[in-house]
Amino acid sequence: FEILIASLATLIELPWQLIIAGDRTRDPKTAAQLDNDIARLKLGNRVSVLGAVTAARLEELYAGADLFVLASRFEGYGMAYAEAIAHGLPVIGTTAGAIPDTVATGAAVLVAPDDAAALAHALRKLIENSAERRQLALSARAAARQLPTWQDAAKIFSRTLEELA
């Protein structure tokens, strides 16, 4: 989160709001650091940290979002990215781990992990350019139709385990 918050702090002149949803009890140290960064950079009126939310609230958040951003340092699969794409959201993320394999070309802008300047550049580009956000969203919706269902994913996983046995 520190890279995302630092990047957004350089874009204070732009019209953005960030909503962060997720269980804060899983890593209290990270949650405390996030709170400190938001306060230190005076972003409390622009960043909302909701904590854990219900599935219904998460659906509302996806429906109301213009963009999904996650500045991951590593992802083994990128479930949050896949979920955002499944909701037809344009994505800004990183090239870490499996993210480039999870996020369809044309549905996202990916930058190197820990590159706050590149992340800020990508954020500026998409905040300022609604036409580009719409194009990425169209690609995300098309990519969503190609994502495996949970049943299909379970079958693939099961077949893989059988082949290993």
# chains A, B, ... in the order shown; residues from 1 in each chain; ligands from 1
call {"tool": "residues_around", "arguments": {"residues": "segment 145-151 of chain A", "least_positions_apart": "2", "cutoff": "12 Å", "atoms": "only C-alpha atoms", "output": "number ranges by chain"}}
result
A: 79, 81-88, 101-104, 138-143, 153-158
call {"tool": "write_last_selection", "arguments": {"atoms": "N, CA and C atoms", "output": "PDB file, in the first residue's frame"}}
result
ATOM      1  N   MET A  79      -5.786 -13.443  -7.836  1.00  0.00           N
ATOM      2  CA  MET A  79      -7.236 -13.584  -7.697  1.00  0.00           C
ATOM      3  C   MET A  79      -7.951 -12.238  -7.681  1.00  0.00           C
ATOM      4  N   TYR A  81      -7.021  -9.482  -9.042  1.00  0.00           N
ATOM      5  CA  TYR A  81      -6.989  -8.948 -10.409  1.00  0.00           C
ATOM      6  C   TYR A  81      -8.051  -9.633 -11.271  1.00  0.00           C
ATOM      7  N   ALA A  82      -8.127 -10.953 -11.187  1.00  0.00           N
ATOM      8  CA  ALA A  82      -9.116 -11.700 -11.976  1.00  0.00           C
ATOM      9  C   ALA A  82     -10.531 -11.274 -11.595  1.00  0.00           C
ATOM     10  N   GLU A  83     -10.761 -11.049 -10.317  1.00  0.00           N
ATOM     11  CA  GLU A  83     -12.091 -10.630  -9.868  1.00  0.00           C
ATOM     12  C   GLU A  83     -12.435  -9.244 -10.414  1.00  0.00           C
ATOM     13  N   ALA A  84     -11.465  -8.338 -10.410  1.00  0.00           N
ATOM     14  CA  ALA A  84     -11.702  -7.000 -10.958  1.00  0.00           C
ATOM     15  C   ALA A  84     -12.027  -7.074 -12.450  1.00  0.00           C
ATOM     16  N   ILE A  85     -11.283  -7.890 -13.167  1.00  0.00           N
ATOM     17  CA  ILE A  85     -11.539  -8.051 -14.607  1.00  0.00           C
ATOM     18  C   ILE A  85     -12.906  -8.687 -14.820  1.00  0.00           C
ATOM     19  N   ALA A  86     -13.252  -9.651 -13.981  1.00  0.00           N
ATOM     20  CA  ALA A  86     -14.569 -10.283 -14.098  1.00  0.00           C
ATOM     21  C   ALA A  86     -15.691  -9.264 -13.904  1.00  0.00           C
ATOM     22  N   HIS A  87     -15.399  -8.185 -13.190  1.00  0.00           N
ATOM     23  CA  HIS A  87     -16.375  -7.108 -13.001  1.00  0.00           C
ATOM     24  C   HIS A  87     -16.257  -6.031 -14.075  1.00  0.00           C
ATOM     25  N   GLY A  88     -15.409  -6.268 -15.069  1.00  0.00           N
ATOM     26  CA  GLY A  88     -15.287  -5.335 -16.183  1.00  0.00           C
ATOM     27  C   GLY A  88     -14.534  -4.059 -15.854  1.00  0.00           C
ATOM     28  N   ASP A 101       0.168 -13.045 -16.496  1.00  0.00           N
ATOM     29  CA  ASP A 101      -0.544 -14.205 -17.029  1.00  0.00           C
ATOM     30  C   ASP A 101      -2.026 -14.176 -16.673  1.00  0.00           C
ATOM     31  N   THR A 102      -2.374 -13.520 -15.595  1.00  0.00           N
ATOM     32  CA  THR A 102      -3.761 -13.451 -15.127  1.00  0.00           C
ATOM     33  C   THR A 102      -4.525 -12.329 -15.802  1.00  0.00           C
ATOM     34  N   VAL A 103      -3.877 -11.190 -15.964  1.00  0.00           N
ATOM     35  CA  VAL A 103      -4.514 -10.001 -16.500  1.00  0.00           C
ATOM     36  C   VAL A 103      -4.331  -9.975 -18.016  1.00  0.00           C
ATOM     37  N   ALA A 104      -5.436  -9.938 -18.720  1.00  0.00           N
ATOM     38  CA  ALA A 104      -5.398  -9.965 -20.181  1.00  0.00           C
ATOM     39  C   ALA A 104      -4.781  -8.696 -20.754  1.00  0.00           C
ATOM     40  N   LEU A 138     -13.698  -2.260 -21.728  1.00  0.00           N
ATOM     41  CA  LEU A 138     -14.232  -3.138 -22.792  1.00  0.00           C
ATOM     42  C   LEU A 138     -13.376  -4.388 -22.915  1.00  0.00           C
ATOM     43  N   SER A 139     -12.066  -4.211 -22.886  1.00  0.00           N
ATOM     44  CA  SER A 139     -11.159  -5.360 -22.964  1.00  0.00           C
ATOM     45  C   SER A 139     -11.294  -6.245 -21.728  1.00  0.00           C
ATOM     46  N   ALA A 140     -11.508  -5.632 -20.569  1.00  0.00           N
ATOM     47  CA  ALA A 140     -11.694  -6.415 -19.340  1.00  0.00           C
ATOM     48  C   ALA A 140     -12.953  -7.260 -19.441  1.00  0.00           C
ATOM     49  N   ARG A 141     -14.039  -6.669 -19.938  1.00  0.00           N
ATOM     50  CA  ARG A 141     -15.286  -7.435 -20.073  1.00  0.00           C
ATOM     51  C   ARG A 141     -15.113  -8.590 -21.060  1.00  0.00           C
ATOM     52  N   ALA A 142     -14.387  -8.360 -22.144  1.00  0.00           N
ATOM     53  CA  ALA A 142     -14.130  -9.430 -23.109  1.00  0.00           C
ATOM     54  C   ALA A 142     -13.263 -10.513 -22.471  1.00  0.00           C
ATOM     55  N   ALA A 143     -12.252 -10.111 -21.718  1.00  0.00           N
ATOM     56  CA  ALA A 143     -11.380 -11.077 -21.051  1.00  0.00           C
ATOM     57  C   ALA A 143     -12.143 -11.860 -19.992  1.00  0.00           C
ATOM     58  N   ALA A 153     -12.163 -24.221 -13.002  1.00  0.00           N
ATOM     59  CA  ALA A 153     -10.879 -24.121 -12.317  1.00  0.00           C
ATOM     60  C   ALA A 153     -10.644 -25.332 -11.426  1.00  0.00           C
ATOM     61  N   ALA A 154     -11.683 -25.791 -10.741  1.00  0.00           N
ATOM     62  CA  ALA A 154     -11.557 -26.979  -9.890  1.00  0.00           C
ATOM     63  C   ALA A 154     -11.231 -28.207 -10.721  1.00  0.00           C
ATOM     64  N   LYS A 155     -11.848 -28.341 -11.889  1.00  0.00           N
ATOM     65  CA  LYS A 155     -11.555 -29.475 -12.769  1.00  0.00           C
ATOM     66  C   LYS A 155     -10.113 -29.435 -13.254  1.00  0.00           C
ATOM     67  N   ILE A 156      -9.645 -28.257 -13.622  1.00  0.00           N
ATOM     68  CA  ILE A 156      -8.252 -28.101 -14.072  1.00  0.00           C
ATOM     69  C   ILE A 156      -7.300 -28.467 -12.944  1.00  0.00           C
ATOM     70  N   PHE A 157      -7.585 -27.977 -11.748  1.00  0.00           N
ATOM     71  CA  PHE A 157      -6.749 -28.254 -10.585  1.00  0.00           C
ATOM     72  C   PHE A 157      -6.742 -29.756 -10.295  1.00  0.00           C
ATOM     73  N   SER A 158      -7.913 -30.371 -10.342  1.00  0.00           N
ATOM     74  CA  SER A 158      -8.031 -31.806 -10.080  1.00  0.00           C
ATOM     75  C   SER A 158      -7.248 -32.624 -11.096  1.00  0.00           C
TER      76      SER A 158
END
call {"tool": "select_by_dssp", "arguments": {"residues": "chain A", "states": "strand (DSSP E or B)", "output": "PyMOL selection string"}}
result
chain A and resi 18-21+47-51+68-69+91-94+108-111
call {"tool": "closest_atom_pairs", "arguments": {"of": "segment 39-158 of chain A", "to": "segment 21-32 of chain A", "cutoff": "12 Å", "atoms": "only C-alpha atoms", "output": "Markdown table"}}
result
| residue | atom | partner | partner_atom | distance |
| --- | --- | --- | --- | --- |
| A:Ala39 | CA | A:Ala32 | CA | 10.6 |
| A:Val47 | CA | A:Ala21 | CA | 10.9 |
| A:Ser48 | CA | A:Ala21 | CA | 8.5 |
| A:Val49 | CA | A:Ala21 | CA | 6.2 |
| A:Leu50 | CA | A:Ala21 | CA | 5.1 |
| A:Gly51 | CA | A:Gly22 | CA | 4.8 |
| A:Ala52 | CA | A:Asp23 | CA | 4.3 |
| A:Val53 | CA | A:Ala21 | CA | 6.6 |
| A:Thr54 | CA | A:Ala21 | CA | 9.9 |
| A:Ala55 | CA | A:Ala21 | CA | 11.1 |
| A:Arg57 | CA | A:Ala21 | CA | 9.6 |
| A:Leu58 | CA | A:Ala21 | CA | 7.9 |
| A:Glu59 | CA | A:Ala21 | CA | 11.4 |
| A:Glu60 | CA | A:Ala21 | CA | 11.6 |
| A:Leu61 | CA | A:Ala21 | CA | 8.8 |
| A:Tyr62 | CA | A:Ala21 | CA | 10.6 |
| A:Phe68 | CA | A:Ala21 | CA | 11.6 |
| A:Val69 | CA | A:Ala21 | CA | 11.8 |
| A:Leu70 | CA | A:Ala21 | CA | 11.5 |
| A:Ala80 | CA | A:Gly22 | CA | 10.9 |
call {"tool": "residues_around", "arguments": {"residues": "Thr10 of chain A", "least_positions_apart": "3", "cutoff": "10 Å", "atoms": "only C-alpha atoms", "output": "PyMOL selection string"}}
result
chain A and resi 5-7+13-14+41+116-117+120-121+124
call {"tool": "atom_distance", "arguments": {"atom1": "atom CA of Ala71 of chain A", "atom2": "atom CA of Asn45 of chain A"}}
result
21.0 Å
call {"tool": "select_by_dssp", "arguments": {"residues": "segment 48-116 of chain A", "states": "helix (DSSP H, G or I)", "output": "MDAnalysis selection string"}}
result
chainID A and resid 55:64 79:86 99:102 116
call {"tool": "atom_distance", "arguments": {"atom1": "atom CA of Gln33 of chain A", "atom2": "atom CA of Ala98 of chain A"}}
result
26.1 Å
call {"tool": "atom_distance", "arguments": {"atom1": "atom CA of Gln17 of chain A", "atom2": "atom CA of Arg46 of chain A"}}
result
4.9 Å
call {"tool": "residues_around", "arguments": {"residues": "Gly44 of chain A", "least_positions_apart": "6", "cutoff": "10 Å", "atoms": "only C-alpha atoms", "output": "compact mmCIF listing (two decimals) with all heavy atoms, in the first residue's frame"}}
result
# COMPACT_ATOMS: atom_id res chain seq x y z
N ASP A 35 -2.40 3.41 7.72
CA ASP A 35 -3.03 4.54 8.43
C ASP A 35 -2.03 5.69 8.61
O ASP A 35 -2.37 6.86 8.40
CB ASP A 35 -3.56 4.10 9.79
CG ASP A 35 -4.71 3.11 9.68
OD1 ASP A 35 -5.34 3.03 8.60
OD2 ASP A 35 -4.97 2.41 10.69
N ASP A 37 0.70 6.33 6.82
CA ASP A 37 1.01 6.94 5.52
C ASP A 37 -0.11 7.89 5.07
O ASP A 37 0.17 8.98 4.59
CB ASP A 37 1.24 5.87 4.45
CG ASP A 37 2.53 5.10 4.65
OD1 ASP A 37 3.41 5.54 5.42
OD2 ASP A 37 2.67 4.03 4.01
N ILE A 38 -1.34 7.46 5.24
CA ILE A 38 -2.48 8.30 4.86
C ILE A 38 -2.48 9.60 5.67
O ILE A 38 -2.66 10.69 5.12
CB ILE A 38 -3.81 7.53 5.02
CG1 ILE A 38 -3.89 6.40 4.00
CG2 ILE A 38 -5.01 8.48 4.90
CD1 ILE A 38 -4.99 5.39 4.27
